[in-house]
Amino acid sequence: MNYNWNWRIFWEPSPDAVGTYMDTLLSGLYWTLATALTAWIMALILGAIIGTVRTLPNKWLVRFANGYVELFRNIPLLVQMFLWYFVMPELMPTAIGDWLKAVQNAPFITAVLCLGFFTSSRVAVQVSTGINALPRGQKMAGTALGLTQMQTYRYVLLPMAFRIIIPPLTSEFLNIIKNSAVALTIGLMELTARARSMQEFSFQVFEAFTAATLIYVLVNVVVVNLMRLIEKKVAVPGFITGGGK
Amino acid sequence: MINFDFDVIERSWVYLFQTGMAFTLELTGLAMIGGIVVGTLLAMMRLSSNKIISTVATTYVNLIRSVPLVLVIFWFYFLVPYIGAWIIGANEPIRVGAFTSSLITFILFEAAYYCEIMRAGIQSIPRGQVWAGQALGMNYWQTMGNIVLPQAFRNMIPVLLTQTIVLFQDVSLVYVLSITDFVGAASKVAQRDGRLVEMYLFVALVYFVLCFGLSSLVKRLQQKVAIIR
């Protein structure tokens, strides 16, 4: 094999005027994290609402929430990206559509919206699974204490449900970071896109991809440990959720 | 508002399905078979009592699972020609077609996910069955092939199929290599005719119908298979 390895490439100046190739990759990491974190907050909020609705007694609300989940689960993420980026501005009234097309950071906003909705459907499934995993007595106890349905969810069911689903939520969090790479198709310069542009400019394919891979693995390790810490911190004594001890 | 022109679908659907969807389905089918075979081998390696073998498999699975598919697609796109050259002893990186390259990528990527499913399947078989096999004088491969794997596989069929639906959706990402899969074909037509809205809505609809239908079937199957114990 005759491939010229050059690991010092990272400290050579890159043509995109950010600085060295290392700076290129780090700016990619910044956008990956910014996109993933913003979308994650959105997904958690939406997912908690939709997931709760899926467990309510109202049949029509449940149907709506199930439809929401199926809609976002059965279309590939790439196609959803295109729908948000190319199709949505056209379907809006002309003024809003034009504004959307001209807005700065359009790829970032689109990616956040797309990933947020996409992941919220997955979070919703976890949340309703968590609520259904609780003993029925908890809901009844809430009612017996005179709490309204809203209060029962807010003070009794949701705090317990969220503790139960921390492990699956961790993997959803990892997924949203990985999925943010799909946003390179709409022009978001996140980590994978930066590695690709570094490869195109420097011809050092394997160095660029190795660095990107290592950064992703590192982010993964950090997230996993952080979530483990949170799980320990919020564990309810005497209530075994698996991650406690 | 814009005026829709759904004629574009009528004009191009033969191309969309015969070229695009055919590629997507072929890749999905072959990658599923390859992925399950390699994934099962990986699962057996992970559960091996040999420390080195299980560490190698665990590292591979964890590494693949922590990297985005898009990056893996790029990795293999550039790596496969070099590996090919290394295998046949050539000096120059060999030429590899788009289909072969993406097939190898998806087999090796999805194998990591199928591995975790098969591992759960193998672990769901009571240990006593393995001991019974050994007591009958069977060796490792006989116990695995005749006793453990058939049951593990049967228990996991719904999960394996769900993963295959995920794979079917993931295949759309070969778009980043400008390959003409279903999405690739649609976006080529869309850009040629300037009909992005109609084309992407149509693509979304086709995927939704297919994936929703398949996952409903899997759910039914799950209820049938679920009562083994």
# chains A, B, ... in the order shown; residues from 1 in each chain; ligands from 1

call {"tool": "select_by_dssp", "arguments": {"residues": "stretch 1-183 of chain A", "states": "helix (DSSP H, G or I)", "output": "ChimeraX atom specification"}}
result
/A:7-11,21-53,59-73,77-91,94-102,106-133,136-144,149-164,166-183

call {"tool": "closest_atom_pairs", "arguments": {"of": "chain A", "to": "chain B", "cutoff": "6 Å", "atoms": "only C-alpha atoms", "output": "tab-separated table"}}
result
residue	atom	partner	partner_atom	distance
A:Met1	CA	B:Asn91	CA	5.8
A:Asn74	CA	B:Phe208	CA	5.0
A:Ile75	CA	B:Phe208	CA	5.3
A:Pro76	CA	B:Gln169	CA	4.9
A:Val87	CA	B:Val197	CA	4.9
A:Lys178	CA	B:Pro68	CA	4.5
A:Val217	CA	B:Ser66	CA	5.8

call {"tool": "write_last_selection", "arguments": {"atoms": "N, CA and C atoms", "output": "mmCIF file, in the first residue's frame"}}
result
data_model
loop_
_atom_site.group_PDB
_atom_site.id
_atom_site.type_symbol
_atom_site.label_atom_id
_atom_site.label_comp_id
_atom_site.auth_asym_id
_atom_site.auth_seq_id
_atom_site.Cartn_x
_atom_site.Cartn_y
_atom_site.Cartn_z
ATOM 1 N N MET A 1 0.852 -1.202 0.000
ATOM 2 C CA MET A 1 0.000 0.000 0.000
ATOM 3 C C MET A 1 0.879 1.240 0.000
ATOM 4 N N ASN A 74 -41.405 7.055 10.588
ATOM 5 C CA ASN A 74 -41.436 6.241 9.374
ATOM 6 C C ASN A 74 -40.919 6.943 8.129
ATOM 7 N N ILE A 75 -40.327 8.113 8.297
ATOM 8 C CA ILE A 75 -39.708 8.795 7.159
ATOM 9 C C ILE A 75 -38.221 8.941 7.482
ATOM 10 N N PRO A 76 -37.339 8.559 6.548
ATOM 11 C CA PRO A 76 -35.899 8.645 6.838
ATOM 12 C C PRO A 76 -35.501 10.068 7.219
ATOM 13 N N VAL A 87 -38.773 22.046 1.162
ATOM 14 C CA VAL A 87 -40.212 22.040 0.926
ATOM 15 C C VAL A 87 -40.943 23.038 1.821
ATOM 16 N N LYS A 178 -25.053 11.842 16.837
ATOM 17 C CA LYS A 178 -24.646 11.163 15.608
ATOM 18 C C LYS A 178 -25.501 11.631 14.423
ATOM 19 N N VAL A 217 -15.931 9.570 19.433
ATOM 20 C CA VAL A 217 -15.822 8.593 20.525
ATOM 21 C C VAL A 217 -15.666 9.326 21.859
#

call {"tool": "residues_around", "arguments": {"residues": "B:Gly133", "least_positions_apart": "6", "cutoff": "12 Å", "atoms": "only C-alpha atoms", "output": "PDB file with C-alpha atoms, in the first residue's frame"}}
result
ATOM      1  CA  PRO B 126     -31.226 -20.790  29.432  1.00  0.00           C
ATOM      2  CA  ARG B 127     -27.663 -21.926  30.184  1.00  0.00           C
ATOM      3  CA  ASN B 139     -18.939 -29.488  20.443  1.00  0.00           C
ATOM      4  CA  TYR B 140     -19.289 -25.686  20.494  1.00  0.00           C
ATOM      5  CA  TRP B 141     -20.411 -25.328  16.878  1.00  0.00           C
ATOM      6  CA  GLN B 142     -22.931 -28.162  17.166  1.00  0.00           C
ATOM      7  CA  THR B 143     -24.478 -26.713  20.342  1.00  0.00           C
ATOM      8  CA  MET B 144     -24.640 -23.261  18.807  1.00  0.00           C
ATOM      9  CA  GLY B 145     -25.864 -24.360  15.382  1.00  0.00           C
ATOM     10  CA  ASN B 146     -28.405 -26.946  16.499  1.00  0.00           C
ATOM     11  CA  ILE B 147     -29.664 -25.678  19.847  1.00  0.00           C
ATOM     12  CA  VAL B 148     -28.909 -22.055  20.733  1.00  0.00           C
TER      13      VAL B 148
END

call {"tool": "atom_distance", "arguments": {"atom1": "atom CA of A:Gly51", "atom2": "atom CA of A:Gln126"}}
result
7.4 Å

call {"tool": "atom_distance", "arguments": {"atom1": "atom CA of A:Ser197", "atom2": "atom CA of A:Ala212"}}
result
11.8 Å

call {"tool": "residues_around", "arguments": {"residues": "A:Ser180", "least_positions_apart": "3", "cutoff": "8 Å", "atoms": "only C-alpha atoms", "output": "PyMOL selection string"}}
result
chain A and resi 32+35-36+111+115+176-177+183-184+190
